[in-house]
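Student: Pasting a structure below so you can have a look.
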Amino acid sequence: MPFNTILRHANCGTIYNKKASSVPFIVGKRRGATVSSATRIIDALLFDCDGVLVDTERDGHRISFNEAFRRKGLDHTWDIELYGELLEIGGGKERMTKYFKDVHHLEPFKSMTVLEDQKRLVQDLHTLKTDIFMELVEKGAMPLRPGVRRLMGEAIAAGVPIAVCSTSNERAVSTIVKVMLGPEVANLMRVFAGDIVPKKKPDPAIYLLAAKEMGLNPERCVVIEDSRIGLRAAKAAGMTCMVTKSSYTQGEDFTEADAIYDCIGEENEKRFSLTDLEMMVAGKQSLKA
Ligand SMILES: [Mg+2]
């Protein structure tokens, strides 16, 4: 799929790319080969974790809140739409507090009017929810997003290094990689996560650290992100950034993205391939030359 035009895909929303290029080049047959950095077009593919590998908010955190309510005997369920609205409130404890106050005519706040009691309940629920979330991660109960495994497979076959760069909790990210991707892929994948850098996204620190540690030229790195803060981090690091929107980032501003899609896409309905990414990076390099 050439990145030199405005495209629409039959099964997704608008697909577009602002950095037009139709520079021809040939990608050699490199399956299984070790490609030296001198001949590589792309130095590495760098994946965000939450929202890119898995739709963590929708399929992980939301499910965990609901299960925590159930285990505590509370008759509340946050559906996909309601949870989207609640995400406006940062922090899980704050989110629950706001929700229970909004439905104060129902239990648990109906018969719990002392502030300290409310706080204790919310704290207990949050601890339980966090444990449930880790159980889901460890069981591999969150599905991988479409095309993640395919694109990683293409990169591995072509000798292009892959890594995950996330400023979320290191244990959760490493477990998602190990459990969801399996040991074969996980062994080939560097993970940069958690408090390894002093500043979280949108600061570019996590991407710059990956470039430094892996010996990458940022201009030849392609990042896959799902959110505006991730996009800003990648662009501030000087990298190409593909956005694959997730459930709760649909309405965000992705003006600076090199391309925007609804997902990476499986083989039969792929939005982009490694070759497409190579064409994009090669085109940008030739425009600069
Ligand atoms: Mg994300």
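By order of appearance in the structure tokens: chains A, B, ..., then residues from 1 within every chain, and ligands from 1 in the order shown.
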At a cut-off of 7 Å, using only C-alpha atoms, what residues contact Ala163 of chain A? Leave out same-chain residues fewer than 5 positions from it and give the result as a PyMOL selection string.

Tutor: chain A and resi 45-47+189-191

Student: Between chain A and ligand 1, at 10 Å or less, what are the per-residue closest atom pairs and their distances in Å? Count only C-alpha atoms and all ligand atoms, order by chain and rising residue number, and return it as a Markdown table.

Tutor:
```
| residue | atom | partner | partner_atom_place_in_ligand_line | distance |
| --- | --- | --- | --- | --- |
| A:Phe47 | CA | ligand 1 | 1 (Mg) | 9.1 |
| A:Asp48 | CA | ligand 1 | 1 (Mg) | 5.7 |
| A:Cys49 | CA | ligand 1 | 1 (Mg) | 5.9 |
| A:Asp50 | CA | ligand 1 | 1 (Mg) | 4.3 |
| A:Gly51 | CA | ligand 1 | 1 (Mg) | 4.4 |
| A:Val52 | CA | ligand 1 | 1 (Mg) | 6.0 |
| A:Leu53 | CA | ligand 1 | 1 (Mg) | 8.7 |
| A:Val54 | CA | ligand 1 | 1 (Mg) | 9.1 |
| A:Asp55 | CA | ligand 1 | 1 (Mg) | 8.5 |
| A:Thr56 | CA | ligand 1 | 1 (Mg) | 8.5 |
| A:Glu57 | CA | ligand 1 | 1 (Mg) | 9.5 |
| A:Cys165 | CA | ligand 1 | 1 (Mg) | 9.8 |
| A:Ser166 | CA | ligand 1 | 1 (Mg) | 7.8 |
| A:Thr167 | CA | ligand 1 | 1 (Mg) | 9.3 |
| A:Ser168 | CA | ligand 1 | 1 (Mg) | 9.0 |
| A:Lys201 | CA | ligand 1 | 1 (Mg) | 9.6 |
| A:Ile224 | CA | ligand 1 | 1 (Mg) | 9.1 |
| A:Glu225 | CA | ligand 1 | 1 (Mg) | 5.9 |
| A:Asp226 | CA | ligand 1 | 1 (Mg) | 5.0 |
| A:Ser227 | CA | ligand 1 | 1 (Mg) | 5.3 |
| A:Arg228 | CA | ligand 1 | 1 (Mg) | 8.5 |
| A:Ile229 | CA | ligand 1 | 1 (Mg) | 8.1 |
| A:Gly230 | CA | ligand 1 | 1 (Mg) | 6.2 |
| A:Leu231 | CA | ligand 1 | 1 (Mg) | 9.0 |
| A:Val243 | CA | ligand 1 | 1 (Mg) | 9.8 |
| A:Thr244 | CA | ligand 1 | 1 (Mg) | 9.5 |
| A:Lys245 | CA | ligand 1 | 1 (Mg) | 9.0 |
| A:Ser246 | CA | ligand 1 | 1 (Mg) | 8.1 |
| A:Tyr248 | CA | ligand 1 | 1 (Mg) | 10.0 |
| A:Thr249 | CA | ligand 1 | 1 (Mg) | 8.8 |
```

Student: Run DSSP on the backbone and give me the residues of segment 38-190 of chain A it puts in alpha helix (DSSP H), as a PyMOL selection string.

Tutor: chain A and resi 56+62-71+80-86+92-102+115-139+148-158+170-187

Student: At a cut-off of 10 Å, using only C-alpha atoms, what residues contact Asp75 of chain A? Leave out same-chain residues fewer than 6 positions from it and give the result as a list of chain:residue names.

Tutor: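 These residues fall inside the cut-off: A:Asn66, A:Phe69, A:Leu106, A:Glu107, A:Pro108.
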
Student: Could you save those same residues with C-alpha atoms as a PDB file, in the first residue's frame?

Tutor:
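What landed in result-v1.pdb:
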```pdb
ATOM      1  CA  ASN A  66     -16.474  -4.653  37.176  1.00  0.00           C
ATOM      2  CA  PHE A  69     -17.642  -4.648  42.162  1.00  0.00           C
ATOM      3  CA  LEU A 106     -27.889   3.340  45.223  1.00  0.00           C
ATOM      4  CA  GLU A 107     -25.587   1.252  47.362  1.00  0.00           C
ATOM      5  CA  PRO A 108     -22.822   1.456  48.484  1.00  0.00           C
TER       6      PRO A 108
END
```

Student: Pick out each residue of segment 84-246 of chain A that DSSP on the backbone tags as strand (DSSP E or B); I need them as a PyMOL selection string.

Tutor: chain A and resi 144+162-166+189-193+221-225+240-244

Student: Report, in Å to a single decimal, how far apart atom CA of Ala158 of chain A and atom CA of Ala289 of chain A are.

Tutor: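 It comes out at 25.2 Å.
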
Student: Can you pull out every residue within 7 Å of Glu266 of chain A, counting only C-alpha atoms, but drop anything in the same chain fewer than 4 positions away, and send it as a PyMOL selection string?

Tutor: chain A and resi 146-147+150+270
